[in-house]
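Okay, target.txt now, which holds compact mmCIF, C-alpha atoms:
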```
# COMPACT_ATOMS: atom_id res chain seq x y z
CA MET A 1 -31.82 89.31 -10.24
CA MET A 2 -28.45 90.82 -11.25
CA TRP A 3 -27.18 90.98 -7.68
CA TYR A 4 -28.37 87.41 -7.04
CA THR A 5 -26.48 86.15 -10.09
CA LEU A 6 -23.37 88.12 -9.11
CA ILE A 7 -23.34 86.60 -5.62
CA ALA A 8 -23.84 83.13 -7.08
CA ARG A 9 -20.89 83.63 -9.44
CA VAL A 10 -18.68 84.86 -6.61
CA LEU A 11 -19.54 81.72 -4.62
CA LEU A 12 -19.04 79.38 -7.59
CA PRO A 13 -15.26 78.84 -7.11
CA PHE A 14 -15.88 77.71 -3.54
CA ALA A 15 -18.62 75.36 -4.71
CA LEU A 16 -16.32 73.94 -7.38
CA LEU A 17 -13.61 73.40 -4.78
CA ARG A 18 -16.10 71.47 -2.68
CA LEU A 19 -17.09 69.37 -5.70
CA TRP A 20 -13.44 68.60 -6.40
CA TRP A 21 -12.90 67.58 -2.78
CA ARG A 22 -15.93 65.31 -2.83
CA SER A 23 -14.88 63.72 -6.09
CA ARG A 24 -11.49 62.86 -4.57
CA HIS A 25 -13.15 61.01 -1.70
CA ASP A 26 -16.05 59.34 -3.52
CA ALA A 27 -15.37 57.19 -6.55
CA ASP A 28 -19.05 57.22 -7.60
CA TYR A 29 -19.21 61.01 -7.55
CA ALA A 30 -15.93 61.67 -9.34
CA PRO A 31 -17.22 61.16 -12.91
CA ARG A 32 -20.48 63.02 -12.23
CA TRP A 33 -19.62 66.29 -10.50
CA ALA A 34 -19.92 68.18 -13.81
CA GLU A 35 -23.67 67.55 -13.69
CA ARG A 36 -23.83 70.37 -11.13
CA LEU A 37 -22.72 72.64 -14.00
CA GLY A 38 -25.48 71.32 -16.25
CA TYR A 39 -23.45 68.78 -18.23
CA GLY A 40 -24.70 65.27 -18.97
CA GLU A 41 -25.93 63.03 -21.77
CA PRO A 42 -29.01 64.33 -23.64
CA ILE A 43 -32.35 62.81 -22.68
CA ALA A 44 -34.86 62.25 -25.47
CA GLY A 45 -38.61 62.04 -25.12
CA ALA A 46 -39.53 65.09 -22.99
CA PRO A 47 -39.10 63.53 -19.54
CA ILE A 48 -41.23 64.22 -16.51
CA TRP A 49 -38.77 65.86 -14.14
CA VAL A 50 -39.04 65.49 -10.34
CA HIS A 51 -36.53 67.33 -8.17
CA ALA A 52 -36.01 66.00 -4.64
CA VAL A 53 -33.11 67.56 -2.74
CA SER A 54 -31.95 64.69 -0.56
CA VAL A 55 -33.07 61.57 1.30
CA GLY A 56 -36.14 62.98 3.03
CA GLU A 57 -37.56 64.59 -0.09
CA THR A 58 -36.88 61.47 -2.15
CA ARG A 59 -38.75 59.31 0.34
CA ALA A 60 -41.62 61.78 0.38
CA ALA A 61 -41.74 61.77 -3.42
CA ALA A 62 -41.54 57.98 -3.70
CA PRO A 63 -45.31 57.32 -3.86
CA LEU A 64 -45.70 60.04 -6.51
CA ILE A 65 -42.75 58.71 -8.52
CA ARG A 66 -44.10 55.16 -8.40
CA SER A 67 -47.51 56.30 -9.60
CA LEU A 68 -45.93 58.30 -12.44
CA LEU A 69 -43.99 55.22 -13.51
CA ASP A 70 -47.20 53.16 -13.50
CA GLU A 71 -49.40 55.71 -15.26
CA HIS A 72 -46.89 57.07 -17.79
CA PRO A 73 -44.72 54.08 -18.74
CA ASP A 74 -43.71 55.62 -22.07
CA ALA A 75 -42.47 58.91 -20.61
CA PRO A 76 -38.89 59.05 -19.32
CA LEU A 77 -38.78 59.97 -15.63
CA LEU A 78 -35.89 62.19 -14.57
CA ILE A 79 -35.09 62.51 -10.85
CA THR A 80 -32.59 65.09 -9.63
CA THR A 81 -31.04 65.49 -6.22
CA THR A 82 -28.34 67.75 -4.85
CA THR A 83 -26.78 65.29 -2.41
CA LEU A 84 -24.97 61.98 -2.70
CA THR A 85 -27.27 60.44 -0.10
CA GLY A 86 -30.26 61.53 -2.16
CA ALA A 87 -28.73 59.90 -5.23
CA ALA A 88 -28.17 56.69 -3.28
CA GLN A 89 -31.78 56.74 -2.14
CA VAL A 90 -33.01 57.13 -5.74
CA ALA A 91 -30.86 54.19 -6.84
CA MET A 92 -32.08 52.03 -3.98
CA LEU A 93 -35.78 52.80 -4.48
CA PHE A 94 -36.04 52.92 -8.27
CA GLY A 95 -32.91 51.43 -9.81
CA ASP A 96 -32.82 51.72 -13.60
CA SER A 97 -36.51 52.58 -13.92
CA VAL A 98 -35.65 56.29 -13.67
CA ILE A 99 -32.85 58.57 -14.86
CA HIS A 100 -30.90 60.28 -12.11
CA ARG A 101 -28.93 63.51 -12.43
CA PHE A 102 -27.49 65.93 -9.94
CA ALA A 103 -29.34 69.24 -10.13
CA PRO A 104 -27.43 72.19 -11.62
CA PHE A 105 -26.27 75.18 -9.65
CA ASP A 106 -28.68 78.11 -9.93
CA LEU A 107 -26.55 79.94 -12.48
CA PRO A 108 -27.73 80.96 -15.98
CA ARG A 109 -25.26 78.87 -18.00
CA ALA A 110 -25.52 75.80 -15.77
CA VAL A 111 -29.32 75.92 -15.87
CA ALA A 112 -29.32 76.45 -19.66
CA ARG A 113 -27.00 73.47 -20.24
CA PHE A 114 -29.18 71.28 -18.04
CA LEU A 115 -32.40 72.27 -19.80
CA ASP A 116 -30.82 71.96 -23.25
CA ARG A 117 -29.91 68.36 -22.41
CA THR A 118 -33.09 67.32 -20.61
CA ARG A 119 -35.97 69.37 -22.13
CA PRO A 120 -38.57 68.28 -19.55
CA ARG A 121 -42.31 68.57 -20.22
CA VAL A 122 -42.90 69.67 -16.61
CA ALA A 123 -40.73 70.43 -13.58
CA VAL A 124 -42.10 69.00 -10.33
CA ILE A 125 -40.11 70.59 -7.50
CA LEU A 126 -40.47 69.04 -4.03
CA GLU A 127 -40.88 71.12 -0.89
CA THR A 128 -39.22 74.53 -0.50
CA GLU A 129 -36.79 74.65 -3.39
CA ILE A 130 -37.13 78.18 -4.76
CA TRP A 131 -34.45 78.91 -7.37
CA PRO A 132 -34.81 82.24 -9.23
CA GLN A 133 -32.58 81.47 -12.23
CA LEU A 134 -34.03 78.01 -12.75
CA PHE A 135 -37.63 79.15 -12.48
CA THR A 136 -37.01 82.07 -14.85
CA ALA A 137 -35.36 79.80 -17.42
CA LEU A 138 -38.25 77.33 -17.21
CA GLU A 139 -40.73 80.15 -17.72
CA ARG A 140 -38.85 81.40 -20.80
CA ARG A 141 -38.97 77.92 -22.30
CA HIS A 142 -42.68 77.54 -21.49
CA ILE A 143 -42.00 74.55 -19.24
CA PRO A 144 -44.58 74.46 -16.41
CA VAL A 145 -43.28 74.59 -12.85
CA PHE A 146 -45.23 72.59 -10.28
CA LEU A 147 -44.23 73.03 -6.63
CA ALA A 148 -45.30 69.92 -4.74
CA ASN A 149 -45.61 69.18 -1.04
CA VAL A 150 -44.43 72.69 -0.18
CA ARG A 151 -43.72 73.57 3.42
CA LEU A 152 -42.51 76.96 4.57
CA SER A 153 -41.61 77.45 8.21
CA GLU A 154 -41.99 80.81 9.88
CA ARG A 155 -38.21 80.96 10.18
CA SER A 156 -37.82 80.51 6.41
CA ARG A 157 -40.53 83.06 5.71
CA ARG A 158 -38.66 85.65 7.77
CA ARG A 159 -35.46 84.94 5.83
CA TYR A 160 -37.18 85.36 2.48
CA ARG A 161 -38.63 88.68 3.63
CA HIS A 162 -35.12 90.14 3.26
CA ILE A 163 -35.40 89.72 -0.54
CA PRO A 164 -39.06 90.62 -1.13
CA ARG A 165 -38.92 91.61 -4.82
CA LEU A 166 -36.84 88.61 -5.92
CA ILE A 167 -38.89 86.08 -3.98
CA ALA A 168 -42.23 87.55 -5.11
CA LYS A 169 -41.11 87.50 -8.74
CA THR A 170 -39.92 83.91 -8.41
CA LEU A 171 -43.09 82.69 -6.68
CA ALA A 172 -45.19 84.24 -9.46
CA ILE A 173 -43.75 81.72 -11.95
CA PRO A 174 -45.06 78.29 -10.80
CA ALA A 175 -48.36 77.25 -12.36
CA VAL A 176 -49.30 75.38 -9.18
CA ILE A 177 -48.04 75.64 -5.61
CA ALA A 178 -49.33 72.65 -3.64
CA ALA A 179 -48.87 73.54 0.03
CA GLN A 180 -48.87 71.02 2.86
CA SER A 181 -51.04 73.09 5.22
CA ALA A 182 -53.12 76.24 5.45
CA ALA A 183 -50.33 77.84 7.49
CA ASP A 184 -47.80 77.08 4.74
CA ALA A 185 -50.16 78.49 2.14
CA ALA A 186 -50.67 81.70 4.14
CA ARG A 187 -46.92 82.23 4.51
CA LEU A 188 -46.41 81.71 0.77
CA ARG A 189 -49.07 84.27 -0.04
CA THR A 190 -47.46 86.86 2.23
CA LEU A 191 -44.26 86.42 0.18
CA GLY A 192 -46.09 87.15 -3.05
CA ALA A 193 -47.32 83.79 -4.32
CA PRO A 194 -50.54 84.37 -6.33
CA ALA A 195 -53.46 83.25 -4.17
CA SER A 196 -55.19 81.56 -7.13
CA ARG A 197 -52.22 79.23 -7.67
CA VAL A 198 -51.74 78.15 -4.05
CA HIS A 199 -53.61 74.99 -3.05
CA VAL A 200 -53.69 73.20 0.30
CA ILE A 201 -53.34 69.49 -0.47
CA GLY A 202 -51.91 67.96 2.70
CA ASN A 203 -48.55 66.31 3.23
CA MET A 204 -47.41 63.53 0.91
CA LYS A 205 -45.13 62.26 3.67
CA PHE A 206 -48.25 60.68 5.19
CA GLU A 207 -48.57 58.49 2.07
CA LEU A 208 -46.32 55.88 3.61
CA GLN A 209 -46.76 52.27 2.61
CA PRO A 210 -44.24 49.85 4.17
CA THR A 211 -42.57 47.83 1.45
CA ALA A 212 -43.53 44.21 0.97
CA GLY A 213 -41.76 41.97 3.42
CA LEU A 214 -40.58 44.79 5.70
CA ARG A 215 -42.34 43.55 8.82
CA GLU A 216 -41.22 39.98 8.18
CA ALA A 217 -37.63 41.15 7.74
CA ALA A 218 -37.90 43.15 10.97
CA GLN A 219 -39.20 40.13 12.85
CA ALA A 220 -36.27 38.06 11.60
CA LEU A 221 -33.86 40.81 12.64
CA ARG A 222 -35.43 41.05 16.07
CA LEU A 223 -35.17 37.29 16.46
CA ALA A 224 -31.48 37.43 15.56
CA TRP A 225 -30.91 40.17 18.14
CA GLY A 226 -32.46 38.06 20.89
CA ASP A 227 -35.21 38.74 23.39
CA ARG A 228 -34.17 42.24 24.41
CA PRO A 229 -35.63 45.76 24.28
CA VAL A 230 -34.53 47.87 21.30
CA TRP A 231 -34.21 51.66 21.16
CA VAL A 232 -33.49 53.43 17.86
CA ALA A 233 -31.83 56.87 17.74
CA ALA A 234 -32.55 57.95 14.17
CA SER A 235 -30.94 60.64 12.01
CA THR A 236 -28.76 62.03 14.80
CA HIS A 237 -26.55 65.07 14.30
CA GLN A 238 -23.27 66.22 15.76
CA GLY A 239 -23.80 67.08 19.42
CA GLU A 240 -26.68 64.60 19.86
CA GLU A 241 -24.81 61.31 19.96
CA GLU A 242 -23.15 62.25 23.26
CA THR A 243 -26.58 62.93 24.75
CA VAL A 244 -28.00 59.68 23.39
CA LEU A 245 -25.06 57.64 24.69
CA GLY A 246 -25.32 59.29 28.09
CA ALA A 247 -29.04 58.52 28.19
CA TYR A 248 -28.37 54.95 27.09
CA LYS A 249 -26.00 54.33 29.99
CA VAL A 250 -28.63 55.51 32.46
CA LEU A 251 -31.39 53.50 30.78
CA ARG A 252 -29.29 50.33 31.02
CA GLU A 253 -29.58 50.51 34.79
CA GLY A 254 -33.25 49.61 34.45
CA PHE A 255 -32.97 47.69 31.17
CA PRO A 256 -29.57 45.95 31.29
CA ARG A 257 -30.10 44.11 27.97
CA LEU A 258 -31.18 47.22 26.07
CA LEU A 259 -29.84 47.43 22.50
CA LEU A 260 -29.28 50.90 21.05
CA VAL A 261 -29.47 51.21 17.25
CA LEU A 262 -27.66 54.46 16.52
CA ALA A 263 -28.19 55.79 12.97
CA PRO A 264 -26.39 59.09 12.24
CA ARG A 265 -27.98 61.32 9.61
CA HIS A 266 -24.90 61.89 7.43
CA PRO A 267 -22.76 59.04 6.06
CA GLU A 268 -19.54 61.04 6.34
CA ARG A 269 -19.97 60.91 10.14
CA PHE A 270 -20.36 57.13 10.44
CA GLU A 271 -16.73 56.51 11.34
CA SER A 272 -16.45 59.36 13.82
CA VAL A 273 -19.65 58.29 15.58
CA GLY A 274 -18.29 54.75 15.81
CA ARG A 275 -15.19 56.12 17.50
CA LEU A 276 -17.39 58.14 19.84
CA VAL A 277 -19.28 55.00 20.91
CA ARG A 278 -16.06 53.12 21.60
CA ALA A 279 -14.65 56.09 23.52
CA ALA A 280 -17.76 55.93 25.71
CA GLY A 281 -16.71 52.41 26.70
CA LEU A 282 -19.55 50.65 24.88
CA THR A 283 -19.34 47.59 22.66
CA VAL A 284 -20.42 48.40 19.12
CA VAL A 285 -21.08 46.46 15.92
CA ALA A 286 -21.29 48.34 12.63
CA ARG A 287 -24.18 47.15 10.49
CA SER A 288 -22.06 47.41 7.34
CA THR A 289 -19.68 44.71 8.59
CA GLY A 290 -22.36 42.04 8.62
CA LEU A 291 -21.14 40.85 12.01
CA PRO A 292 -23.81 39.39 14.31
CA VAL A 293 -25.34 41.33 17.16
CA THR A 294 -24.67 39.21 20.22
CA ASP A 295 -25.76 39.50 23.85
CA ALA A 296 -22.54 41.42 24.47
CA THR A 297 -23.36 44.04 21.81
CA GLN A 298 -24.65 47.26 23.34
CA VAL A 299 -24.79 49.49 20.26
CA LEU A 300 -25.53 48.66 16.63
CA LEU A 301 -24.17 51.45 14.43
CA GLY A 302 -26.56 51.99 11.53
CA ASP A 303 -23.92 52.88 8.95
CA THR A 304 -25.86 51.65 5.92
CA MET A 305 -28.22 53.47 3.58
CA GLY A 306 -31.89 52.66 3.20
CA GLU A 307 -32.40 50.55 6.31
CA LEU A 308 -33.92 53.08 8.69
CA MET A 309 -37.46 51.79 8.13
CA LEU A 310 -36.21 48.28 8.92
CA PHE A 311 -34.63 49.51 12.15
CA PHE A 312 -37.84 51.31 13.11
CA ALA A 313 -39.91 48.20 12.45
CA ALA A 314 -37.59 46.16 14.68
CA SER A 315 -37.65 48.62 17.62
CA ASP A 316 -39.78 49.35 20.67
CA CYS A 317 -39.43 53.15 20.55
CA ALA A 318 -37.41 55.77 18.70
CA PHE A 319 -35.68 59.07 19.23
CA ILE A 320 -35.97 61.43 16.24
CA GLY A 321 -32.67 63.24 15.72
CA GLY A 322 -31.95 66.79 14.70
CA SER A 323 -34.31 67.90 17.45
CA LEU A 324 -32.03 68.24 20.48
CA VAL A 325 -29.78 70.53 18.44
CA ASP A 326 -31.01 73.56 16.52
CA THR A 327 -31.37 71.73 13.20
CA GLY A 328 -35.14 71.61 12.95
CA GLY A 329 -35.74 67.91 13.48
CA HIS A 330 -36.57 65.11 11.07
CA ASN A 331 -39.71 63.38 9.96
CA PRO A 332 -41.24 61.09 12.63
CA LEU A 333 -43.89 59.67 10.27
CA GLU A 334 -41.85 56.67 9.15
CA ALA A 335 -41.69 55.45 12.74
CA LEU A 336 -45.34 56.28 13.43
CA ALA A 337 -46.54 54.45 10.30
CA LEU A 338 -44.87 51.33 11.68
CA GLY A 339 -46.48 51.74 15.09
CA VAL A 340 -43.32 52.91 16.86
CA PRO A 341 -43.71 55.57 19.60
CA VAL A 342 -41.37 58.53 19.16
CA VAL A 343 -39.50 60.97 21.37
CA PHE A 344 -38.10 64.23 20.02
CA GLY A 345 -36.45 67.35 21.34
CA PRO A 346 -37.54 71.00 21.36
CA HIS A 347 -36.25 71.90 17.88
CA MET A 348 -38.85 70.50 15.47
CA PHE A 349 -39.53 73.64 13.44
CA ASN A 350 -39.02 71.85 10.11
CA PHE A 351 -41.85 69.49 11.04
CA ASP A 352 -43.82 71.66 13.41
CA GLU A 353 -47.29 70.63 12.25
CA ILE A 354 -46.43 66.93 12.24
CA ALA A 355 -44.85 67.25 15.68
CA GLN A 356 -47.97 68.93 17.08
CA LEU A 357 -50.25 66.32 15.53
CA THR A 358 -48.07 63.58 17.01
CA LEU A 359 -48.29 65.07 20.49
CA GLN A 360 -52.05 65.67 20.23
CA ALA A 361 -52.61 62.08 19.14
CA GLY A 362 -50.58 60.69 22.03
CA ALA A 363 -48.14 59.02 19.63
CA GLY A 364 -45.00 60.69 20.96
CA ILE A 365 -43.41 62.80 23.66
CA GLN A 366 -41.45 66.04 23.30
CA VAL A 367 -38.55 66.62 25.69
CA ALA A 368 -36.17 69.47 26.45
CA ASP A 369 -32.90 67.72 27.28
CA GLU A 370 -31.12 64.50 28.22
CA ASP A 371 -33.09 64.07 31.44
CA GLY A 372 -36.33 64.34 29.49
CA LEU A 373 -35.04 61.89 26.89
CA ILE A 374 -34.26 59.37 29.63
CA ALA A 375 -37.62 59.79 31.33
CA ALA A 376 -39.71 59.53 28.14
CA THR A 377 -37.79 56.55 26.77
CA ARG A 378 -38.00 54.82 30.14
CA LEU A 379 -41.77 55.27 30.06
CA TYR A 380 -42.13 53.62 26.68
CA LEU A 381 -39.72 50.80 27.42
CA GLY A 382 -41.23 50.04 30.81
CA ASP A 383 -44.96 50.36 30.15
CA ALA A 384 -46.22 47.95 27.49
CA ARG A 385 -49.76 49.32 27.71
CA LEU A 386 -48.61 52.90 27.12
CA ARG A 387 -46.38 51.74 24.29
CA GLN A 388 -49.23 49.88 22.60
CA ALA A 389 -51.55 52.87 22.93
CA ALA A 390 -48.96 55.20 21.40
CA SER A 391 -48.33 52.66 18.64
CA ALA A 392 -52.02 52.49 17.69
CA ALA A 393 -52.31 56.30 17.88
CA GLY A 394 -49.37 56.75 15.49
CA GLU A 395 -50.74 54.35 12.90
CA SER A 396 -54.19 55.99 13.11
CA LEU A 397 -52.66 59.45 12.73
CA VAL A 398 -50.87 58.49 9.52
CA ARG A 399 -53.97 56.87 8.03
CA ALA A 400 -56.19 59.84 8.92
CA HIS A 401 -53.99 62.33 7.06
CA GLN A 402 -53.50 60.43 3.83
CA GLY A 403 -54.93 61.69 0.54
CA ALA A 404 -52.34 64.28 -0.52
CA LEU A 405 -51.07 61.99 -3.27
CA GLY A 406 -54.46 61.86 -4.99
CA ARG A 407 -54.94 65.62 -4.72
CA THR A 408 -51.44 66.19 -6.12
CA HIS A 409 -52.21 63.89 -9.05
CA ALA A 410 -55.39 65.79 -9.86
CA LEU A 411 -53.51 69.11 -10.00
CA LEU A 412 -50.56 67.66 -11.91
CA ALA A 413 -52.48 65.66 -14.54
CA PRO A 414 -53.05 68.55 -17.02
CA PHE A 415 -49.29 69.09 -17.31
CA LEU A 416 -48.44 65.46 -18.09
CA THR A 417 -50.44 64.76 -21.23
CA ASN A 418 -48.65 66.87 -23.84
CA PRO A 419 -44.99 67.90 -23.86
CA SER A 420 -44.40 71.63 -23.74
CA PRO A 421 -43.39 73.41 -27.01
CA SER A 422 -39.71 73.47 -26.05
CA SER A 423 -39.64 69.83 -24.90
CA ALA A 424 -39.51 68.17 -28.31
CA SER A 425 -37.26 65.16 -28.69
CA LEU A 426 -33.63 65.94 -29.38
```

What does this structure look like when you write it as structure tokens?
Amino acid sequence: MMWYTLIARVLLPFALLRLWWRSRHDADYAPRWAERLGYGEPIAGAPIWVHAVSVGETRAAAPLIRSLLDEHPDAPLLITTTTLTGAAQVAMLFGDSVIHRFAPFDLPRAVARFLDRTRPRVAVILETEIWPQLFTALERRHIPVFLANVRLSERSRRRYRHIPRLIAKTLAIPAVIAAQSAADAARLRTLGAPASRVHVIGNMKFELQPTAGLREAAQALRLAWGDRPVWVAASTHQGEEETVLGAYKVLREGFPRLLLVLAPRHPERFESVGRLVRAAGLTVVARSTGLPVTDATQVLLGDTMGELMLFFAASDCAFIGGSLVDTGGHNPLEALALGVPVVFGPHMFNFDEIAQLTLQAGAGIQVADEDGLIAATRLYLGDARLRQAASAAGESLVRAHQGALGRTHALLAPFLTNPSPSSASL
């Protein structure tokens, strides 16, 4: 642990520089960057703490958070994220019904300050967030650690194998490790997680319930766009937009009225992607401007937060970004739950099981490159029967794999009734 802490302290000045830079360019973040060092107003009442790193984890945790709000109305609910986009997602989904903080750096003093000010009764950590200092501090304060919806790719397992003693010691701390799949559970055990504490509960990302009025809003949006095919490129990364735009130009030869909804993954890239679209000679409207999408509009730039589900619901098929570059892909389940066929590239290692289930169900197509992207998208746009079959398969797949939320609740319930000894009100 000493070498881990030393490395973290060496890296701290660079992290602080990054925080300072962010605070200069984001007015909302400027007064809050100190939360990464553990500072913040004290929270009374022994809150239930849920940590979700960013947008994807927050969306996955949303059904659990909503159920906690319903079932424990008197307990404060603290949600932490590490990214600005995650914070925005928390605000959009839950507003003032929860308390949001940025998670502290994994350094002893930062973690201690955070826990002194929050004193949670339980720490529910989403997915693969394994922080040695934080877990050790929680153990010392007798605050239970519950790892929820855990996934561990083979690539991540190999990385952790370089620090076997530290990772084994850290994984011995959580009271419960709720793994998404048997493969995830097996990888966790090989790293030292106690077999008796590892449970296979399924993936909470299947617990998708479209919000009230979503389909009606999508129908209205589609009506405003006119009678034209719609293709969504969702959560794209640097290096993918050029491929998508190239594919779009080819697809327009067969579908001249095709509208591309291009939604980059990271907000800081919105402007540069807009410039890229214009440089490609295409007419673009940014969603944030509120300007109408006319017959002359070729690309709608999705530069707003929280509207991806709406775009999916208003589309005919979708490309899932982060998969044509070596990023690991993004979650296709939001599209599938809305009956939208998906296409993704070869790099889906972050969602390998979901990708394989999607392919087996006939709800999507995996491609290797731009030519494959063109061919698969052309199939879905041009064959209504195939599109409808893939749509039904996707919805059935999501329904068939639901249930993780209930199993998570059953494992979590014993830790919610009584605050831990160190979680007394301030």

inquiry  = Calculated over only C-alpha atoms, which of the candidates A:Ile354, A:Val342, A:Leu11, A:Ala220 has the smallest distance to Ala314 in chain A?
reply    =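 Once distances to Ala314 in chain A are computed over only C-alpha atoms, the minimum belongs to A:Ala220.
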
message = List the spatial neighbours of Ala313 in chain A as a list of chain:residue names - criterion: any atom at most 12 Å away, all atoms listed in the file, same-chain residues fewer than 5 positions off excluded.
response =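 My list of contacting residues is A:Pro210, A:Thr211, A:Gly213, A:Leu214, A:Arg215, A:Glu216, A:Ala217, A:Ala218, A:Gln219, A:Ala220, A:Leu221, A:Arg222, A:Val230, A:Trp231, A:Val232, A:Val261, A:Glu307, A:Leu308, A:Ala318, A:Glu334, A:Ala335, A:Leu336, A:Ala337, A:Leu338, A:Gly339, A:Val340, A:Pro341, A:Ser391.
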
ask   = For Gly281 in chain A, which residue out of A:Ile173, A:Thr118, A:His266, A:Gln298 is the nearest one, using all atoms listed in the file?
value =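 Closest candidate: A:Gln298.
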
inquiry  = Rounded to one decimal, what separation in Å do you get between CA of Gly95 in chain A and CA of Val145 in chain A?
reply    =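 Taking CA of Gly95 in chain A as the start and CA of Val145 in chain A as the end point, the length is 25.6 Å.
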
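CA of Gly321 in chain A sits 7.4 Å away from CA of Glu240 in chain A.
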
Centre and edge lengths, as lines of an AutoDock Vina configuration file, for the axis-aligned box enclosing every listed atom of range 338-354 of chain A with 6 Å of padding on each of the six sides, in Å to one decimal?
```
center_x = -41.8
center_y = 62.5
center_z = 15.7
size_x = 23.0
size_y = 34.3
size_z = 23.3
```

Near-Tyr248 in chain A list (12 Å; only C-alpha atoms; drop same-chain fewer than 4 positions) as a PyMOL selection string = chain A and resi 230-233+241-244+252-262+277+280-282+298-299+319+370-371+373-375+377-378
